[in-house]
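Report on the following structure.
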Amino acid sequence: ARVESECAALDAGTFQSPPGNEDHGNLGIKGLLHSDSRGRALLLIGVWFCQTLGFYGFNAWVPTLLAEQGFSIVRTLEQSSAISIGAVPGAWIASKIADRWERKYLIALVAVLVGTFGMIYGLSFNTWVIVTFGFLVALTQQVFAPMLYAYTAECFPTNSRNTGAGLSYGIGRLGNTVGPLVVAFLFTHFGYRSVFAYIAVCWVVVAALIMAFGPRMNARTLT
């Protein structure tokens, strides 16, 4: 009813923002970096950067790494396809838990699970273990992703939300410029398992950053 009355007031040109919700204009990147939200922006840039290294380190390189370990291309593609199915129940699980408990803790917990499942995946050459834990990696990654998207946006006030979320996500994606180089170096010099140890560390760093510096957001009203 409140939303309907506000929409009617907007149509009539008589709507006024409630006290404390006035639009002060978008801060822009410079304004954001000079505001109280600067620390959150730096935190989320770090989180997105590390999750990009972990996420694409696994998804982009697993078929290549499996092929290098002697699995046929056909077999590798079959396993990758079976693994990717985990994304479907993962997104469904995220929809059920994201608003039920504090997202800060859920994000950290799921990041640790992704790293753990990925490490177990990398330590085995048994087909069923690879498919099972690969499936769990895909599942937990898709539990993680929508919660981080929501958490990123709600960490910023209205006048810097788009800028803050876009800046965090955009710079974080630069991890894709260095991630493949890191994976190639580790695989060449330290072997197959070192790549999965590196991916696991990326996810643990995500969890540590969120737990140490991430604000609790579920019980707050956005401004």
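Just so we're on the same page: first chain in the structure tokens is A, next is B, and so on; residues restart at 1 for each chain, and ligands are numbered from 1 in the order they show up.
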
When DSSP works through the backbone of this structure, what residues of range 1-216 of chain A end up as helix (DSSP H, G or I), shown as a ChimeraX atom specification? /A:2-12,28-33,38-59,62-68,73-84,87-97,103-122,127-154,158-172,175-190,192-213

Two-atom distance - CA of Met119 in chain A, CA of Phe133 in chain A (Å):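 We find that CA of Met119 in chain A and CA of Phe133 in chain A lie 9.0 Å from each other.
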
Considering only C-alpha atoms, return as a PyMOL selection string whatever protein or nucleic-acid residues lie within 12 Å of Asn59 in chain A, sequence-local ones (same chain, fewer than 3 positions apart) excluded. chain A and resi 51-56+62-66+80-81+83-84+87+118+134-135+137-138+141+176+179-180+183+196+199

Save out the residues we just selected, N, CA, C and O atoms, as a compact mmCIF listing (two decimals), in the first residue's frame.
```
# COMPACT_ATOMS: atom_id res chain seq x y z
N GLN A 51 38.59 -13.63 -5.52
CA GLN A 51 37.62 -14.62 -5.97
C GLN A 51 37.71 -14.83 -7.48
O GLN A 51 37.45 -15.93 -7.97
N THR A 52 38.08 -13.80 -8.21
CA THR A 52 38.27 -13.95 -9.66
C THR A 52 39.42 -14.91 -9.95
O THR A 52 39.32 -15.78 -10.82
N LEU A 53 40.52 -14.77 -9.19
CA LEU A 53 41.64 -15.69 -9.35
C LEU A 53 41.21 -17.13 -9.06
O LEU A 53 41.56 -18.06 -9.79
N GLY A 54 40.45 -17.30 -7.97
CA GLY A 54 40.01 -18.64 -7.59
C GLY A 54 38.98 -19.22 -8.53
O GLY A 54 39.07 -20.38 -8.95
N PHE A 55 37.98 -18.40 -8.88
CA PHE A 55 36.87 -18.87 -9.71
C PHE A 55 37.34 -19.25 -11.10
O PHE A 55 37.09 -20.36 -11.57
N TYR A 56 38.04 -18.34 -11.77
CA TYR A 56 38.45 -18.62 -13.14
C TYR A 56 39.69 -19.49 -13.20
O TYR A 56 39.93 -20.16 -14.21
N VAL A 62 40.62 -26.22 -15.56
CA VAL A 62 40.43 -27.63 -15.23
C VAL A 62 40.50 -28.55 -16.46
O VAL A 62 41.20 -29.58 -16.43
N PRO A 63 39.80 -28.26 -17.56
CA PRO A 63 39.91 -29.15 -18.72
C PRO A 63 41.35 -29.31 -19.21
O PRO A 63 41.79 -30.42 -19.52
N THR A 64 42.09 -28.20 -19.28
CA THR A 64 43.48 -28.26 -19.73
C THR A 64 44.34 -29.08 -18.79
O THR A 64 45.16 -29.91 -19.21
N LEU A 65 44.16 -28.85 -17.49
CA LEU A 65 44.96 -29.56 -16.50
C LEU A 65 44.67 -31.06 -16.52
O LEU A 65 45.59 -31.88 -16.40
N LEU A 66 43.40 -31.42 -16.67
CA LEU A 66 43.05 -32.84 -16.75
C LEU A 66 43.66 -33.49 -17.99
O LEU A 66 44.17 -34.62 -17.92
N SER A 80 33.84 -32.30 -17.32
CA SER A 80 33.57 -30.87 -17.15
C SER A 80 32.08 -30.58 -17.27
O SER A 80 31.54 -29.75 -16.54
N SER A 81 31.41 -31.28 -18.19
CA SER A 81 29.96 -31.08 -18.35
C SER A 81 29.21 -31.56 -17.13
O SER A 81 28.28 -30.88 -16.65
N ILE A 83 30.39 -31.76 -14.11
CA ILE A 83 30.73 -30.85 -13.02
C ILE A 83 29.88 -29.57 -13.09
O ILE A 83 29.38 -29.07 -12.08
N SER A 84 29.70 -29.04 -14.31
CA SER A 84 29.00 -27.76 -14.47
C SER A 84 27.54 -27.81 -14.04
O SER A 84 26.94 -26.77 -13.75
N ALA A 87 26.11 -26.00 -10.86
CA ALA A 87 25.74 -24.59 -10.78
C ALA A 87 24.24 -24.40 -10.57
O ALA A 87 23.81 -23.43 -9.93
N GLY A 118 37.84 -27.80 -3.91
CA GLY A 118 38.77 -27.69 -5.03
C GLY A 118 40.09 -28.38 -4.73
O GLY A 118 40.70 -29.02 -5.61
N GLY A 134 34.30 -31.90 -8.13
CA GLY A 134 34.15 -30.84 -9.13
C GLY A 134 32.73 -30.30 -9.13
O GLY A 134 32.50 -29.09 -9.21
N PHE A 135 31.77 -31.23 -9.01
CA PHE A 135 30.36 -30.85 -8.89
C PHE A 135 30.16 -29.96 -7.67
O PHE A 135 29.46 -28.94 -7.73
N VAL A 137 32.39 -28.09 -6.18
CA VAL A 137 33.00 -26.78 -6.42
C VAL A 137 32.05 -25.90 -7.22
O VAL A 137 31.82 -24.73 -6.88
N ALA A 138 31.50 -26.44 -8.31
CA ALA A 138 30.56 -25.66 -9.13
C ALA A 138 29.35 -25.24 -8.31
O ALA A 138 28.87 -24.10 -8.43
N GLN A 141 30.39 -22.51 -5.72
CA GLN A 141 30.70 -21.26 -6.40
C GLN A 141 29.42 -20.49 -6.73
O GLN A 141 29.39 -19.25 -6.63
N ASN A 176 41.74 -11.52 -13.92
CA ASN A 176 41.84 -12.38 -15.10
C ASN A 176 43.06 -12.07 -15.95
O ASN A 176 43.45 -12.87 -16.81
N GLY A 179 45.79 -13.98 -13.49
CA GLY A 179 45.48 -15.34 -13.07
C GLY A 179 46.03 -16.42 -13.99
O GLY A 179 46.70 -17.36 -13.53
N PRO A 180 45.80 -16.32 -15.32
CA PRO A 180 46.33 -17.35 -16.22
C PRO A 180 47.86 -17.45 -16.18
O PRO A 180 48.41 -18.55 -16.30
N VAL A 183 48.75 -19.44 -13.00
CA VAL A 183 48.46 -20.85 -13.17
C VAL A 183 49.51 -21.51 -14.06
O VAL A 183 50.03 -22.60 -13.74
N PHE A 196 45.99 -26.21 -7.62
CA PHE A 196 44.82 -26.31 -6.77
C PHE A 196 45.09 -25.78 -5.36
O PHE A 196 44.19 -25.27 -4.70
N ILE A 199 44.63 -22.09 -5.86
CA ILE A 199 43.21 -21.75 -5.95
C ILE A 199 42.57 -21.77 -4.57
O ILE A 199 41.78 -20.89 -4.21
```

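Residue nearest Tyr121 in chain A, chosen from A:Arg193, A:Arg161, A:Lys96, A:Arg173 and counting only C-alpha atoms: A:Arg193.
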
Of the residues A:Gly28, A:Gly86, A:Gly57, A:Gly46, which is the one nearest to Val131 in chain A, using only C-alpha atoms? A:Gly86

Can you measure CA of Leu43 in chain A to CA of Phe144 in chain A for me? One decimal in Å is fine.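 Interatomic distance, CA of Leu43 in chain A to CA of Phe144 in chain A: 16.8 Å.
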
Of the candidates A:Ala94, A:Ala41, A:Val178, A:Leu32, which one gets nearest to Met147 in chain A if we count only C-alpha atoms?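 Closest to Met147 in chain A of all the choices is A:Ala94.
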
Against range 33-39 of chain A, which residues of range 90-168 of chain A fall within 12 Å? For each one I want the closest pair of atoms and the distance in Å (one decimal), counting only C-alpha atoms, rows by chain and increasing residue number, as JSON lines.
```
{"residue": "A:Thr152", "atom": "CA", "partner": "A:Ser37", "partner_atom": "CA", "distance": 11.7}
{"residue": "A:Ala153", "atom": "CA", "partner": "A:Ser37", "partner_atom": "CA", "distance": 11.8}
{"residue": "A:Glu154", "atom": "CA", "partner": "A:Ser37", "partner_atom": "CA", "distance": 11.4}
{"residue": "A:Cys155", "atom": "CA", "partner": "A:Ser37", "partner_atom": "CA", "distance": 8.1}
{"residue": "A:Phe156", "atom": "CA", "partner": "A:Ser37", "partner_atom": "CA", "distance": 6.6}
{"residue": "A:Pro157", "atom": "CA", "partner": "A:Ser37", "partner_atom": "CA", "distance": 8.1}
{"residue": "A:Thr158", "atom": "CA", "partner": "A:Ser37", "partner_atom": "CA", "distance": 11.4}
{"residue": "A:Asn159", "atom": "CA", "partner": "A:Ser37", "partner_atom": "CA", "distance": 10.9}
{"residue": "A:Ser160", "atom": "CA", "partner": "A:Ser37", "partner_atom": "CA", "distance": 8.5}
{"residue": "A:Arg161", "atom": "CA", "partner": "A:Ser37", "partner_atom": "CA", "distance": 9.9}
{"residue": "A:Thr163", "atom": "CA", "partner": "A:Leu33", "partner_atom": "CA", "distance": 10.3}
{"residue": "A:Gly164", "atom": "CA", "partner": "A:Ser37", "partner_atom": "CA", "distance": 8.3}
{"residue": "A:Ala165", "atom": "CA", "partner": "A:Ser37", "partner_atom": "CA", "distance": 11.3}
{"residue": "A:Leu167", "atom": "CA", "partner": "A:Leu33", "partner_atom": "CA", "distance": 10.5}
{"residue": "A:Ser168", "atom": "CA", "partner": "A:Arg38", "partner_atom": "CA", "distance": 10.9}
```

If you count only C-alpha atoms, which residues fall within 8 Å of range 209-220 of chain A, apart from same-chain ones fewer than 2 positions away, as a PDB file with N, CA, C and O atoms, in the first residue's frame?
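File part19.pdb, as written:
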```pdb
ATOM      1  N   ARG A  40      35.462   0.254   2.556  1.00  0.00           N
ATOM      2  CA  ARG A  40      34.657  -0.851   2.025  1.00  0.00           C
ATOM      3  C   ARG A  40      34.979  -1.102   0.560  1.00  0.00           C
ATOM      4  O   ARG A  40      35.010  -2.243   0.105  1.00  0.00           O
ATOM      5  N   LEU A  43      38.221  -2.989   0.448  1.00  0.00           N
ATOM      6  CA  LEU A  43      37.978  -4.362   0.883  1.00  0.00           C
ATOM      7  C   LEU A  43      37.361  -5.183  -0.244  1.00  0.00           C
ATOM      8  O   LEU A  43      37.833  -6.293  -0.558  1.00  0.00           O
ATOM      9  N   GLY A  46      39.590  -6.065  -3.122  1.00  0.00           N
ATOM     10  CA  GLY A  46      40.434  -7.203  -2.781  1.00  0.00           C
ATOM     11  C   GLY A  46      39.690  -8.521  -2.826  1.00  0.00           C
ATOM     12  O   GLY A  46      40.201  -9.528  -3.324  1.00  0.00           O
ATOM     13  N   VAL A  47      38.455  -8.520  -2.320  1.00  0.00           N
ATOM     14  CA  VAL A  47      37.640  -9.740  -2.322  1.00  0.00           C
ATOM     15  C   VAL A  47      37.335 -10.183  -3.747  1.00  0.00           C
ATOM     16  O   VAL A  47      37.497 -11.364  -4.103  1.00  0.00           O
ATOM     17  N   ASP A  99      19.127 -14.635   2.507  1.00  0.00           N
ATOM     18  CA  ASP A  99      18.470 -13.666   3.391  1.00  0.00           C
ATOM     19  C   ASP A  99      18.102 -14.250   4.752  1.00  0.00           C
ATOM     20  O   ASP A  99      17.531 -13.562   5.586  1.00  0.00           O
ATOM     21  N   TRP A 101      20.371 -15.869   6.939  1.00  0.00           N
ATOM     22  CA  TRP A 101      21.425 -15.635   7.919  1.00  0.00           C
ATOM     23  C   TRP A 101      22.331 -14.501   7.446  1.00  0.00           C
ATOM     24  O   TRP A 101      22.232 -14.051   6.307  1.00  0.00           O
ATOM     25  N   GLU A 102      23.179 -14.031   8.318  1.00  0.00           N
ATOM     26  CA  GLU A 102      24.087 -12.933   8.002  1.00  0.00           C
ATOM     27  C   GLU A 102      24.975 -13.298   6.811  1.00  0.00           C
ATOM     28  O   GLU A 102      25.713 -14.281   6.836  1.00  0.00           O
ATOM     29  N   ARG A 103      24.899 -12.493   5.752  1.00  0.00           N
ATOM     30  CA  ARG A 103      25.626 -12.801   4.524  1.00  0.00           C
ATOM     31  C   ARG A 103      27.144 -12.783   4.711  1.00  0.00           C
ATOM     32  O   ARG A 103      27.866 -13.540   4.055  1.00  0.00           O
ATOM     33  N   LYS A 104      27.635 -11.927   5.579  1.00  0.00           N
ATOM     34  CA  LYS A 104      29.080 -11.881   5.815  1.00  0.00           C
ATOM     35  C   LYS A 104      29.609 -13.259   6.182  1.00  0.00           C
ATOM     36  O   LYS A 104      30.618 -13.722   5.627  1.00  0.00           O
ATOM     37  N   TYR A 105      28.931 -13.931   7.103  1.00  0.00           N
ATOM     38  CA  TYR A 105      29.390 -15.236   7.564  1.00  0.00           C
ATOM     39  C   TYR A 105      29.142 -16.318   6.516  1.00  0.00           C
ATOM     40  O   TYR A 105      29.960 -17.232   6.349  1.00  0.00           O
ATOM     41  N   ILE A 107      29.137 -15.910   3.255  1.00  0.00           N
ATOM     42  CA  ILE A 107      30.130 -15.723   2.192  1.00  0.00           C
ATOM     43  C   ILE A 107      31.464 -16.328   2.602  1.00  0.00           C
ATOM     44  O   ILE A 107      32.114 -17.040   1.820  1.00  0.00           O
ATOM     45  N   ALA A 108      31.890 -16.058   3.827  1.00  0.00           N
ATOM     46  CA  ALA A 108      33.164 -16.589   4.305  1.00  0.00           C
ATOM     47  C   ALA A 108      33.138 -18.115   4.371  1.00  0.00           C
ATOM     48  O   ALA A 108      34.086 -18.792   3.944  1.00  0.00           O
ATOM     49  N   TYR A 151      25.847  -8.550  -1.411  1.00  0.00           N
ATOM     50  CA  TYR A 151      26.612  -7.961  -0.312  1.00  0.00           C
ATOM     51  C   TYR A 151      27.402  -6.741  -0.791  1.00  0.00           C
ATOM     52  O   TYR A 151      27.478  -5.723  -0.099  1.00  0.00           O
ATOM     53  N   GLU A 154      25.018  -3.705  -1.177  1.00  0.00           N
ATOM     54  CA  GLU A 154      24.462  -3.169   0.060  1.00  0.00           C
ATOM     55  C   GLU A 154      25.522  -2.573   0.984  1.00  0.00           C
ATOM     56  O   GLU A 154      25.188  -1.923   1.971  1.00  0.00           O
ATOM     57  N   CYS A 155      26.788  -2.760   0.668  1.00  0.00           N
ATOM     58  CA  CYS A 155      27.859  -2.165   1.481  1.00  0.00           C
ATOM     59  C   CYS A 155      28.021  -0.669   1.222  1.00  0.00           C
ATOM     60  O   CYS A 155      28.756   0.007   1.951  1.00  0.00           O
ATOM     61  N   VAL A 205      41.747 -16.553   1.356  1.00  0.00           N
ATOM     62  CA  VAL A 205      41.986 -15.117   1.506  1.00  0.00           C
ATOM     63  C   VAL A 205      40.674 -14.344   1.417  1.00  0.00           C
ATOM     64  O   VAL A 205      40.446 -13.390   2.170  1.00  0.00           O
ATOM     65  N   VAL A 206      39.792 -14.749   0.494  1.00  0.00           N
ATOM     66  CA  VAL A 206      38.459 -14.133   0.399  1.00  0.00           C
ATOM     67  C   VAL A 206      37.736 -14.228   1.736  1.00  0.00           C
ATOM     68  O   VAL A 206      37.201 -13.246   2.257  1.00  0.00           O
ATOM     69  N   ALA A 207      37.718 -15.437   2.305  1.00  0.00           N
ATOM     70  CA  ALA A 207      37.030 -15.649   3.584  1.00  0.00           C
ATOM     71  C   ALA A 207      37.660 -14.817   4.694  1.00  0.00           C
ATOM     72  O   ALA A 207      36.962 -14.204   5.511  1.00  0.00           O
ATOM     73  N   LEU A 222      19.290   0.112   4.454  1.00  0.00           N
ATOM     74  CA  LEU A 222      20.122   0.838   3.489  1.00  0.00           C
ATOM     75  C   LEU A 222      19.756   2.295   3.449  1.00  0.00           C
ATOM     76  O   LEU A 222      18.586   2.667   3.571  1.00  0.00           O
TER      77      LEU A 222
END
```
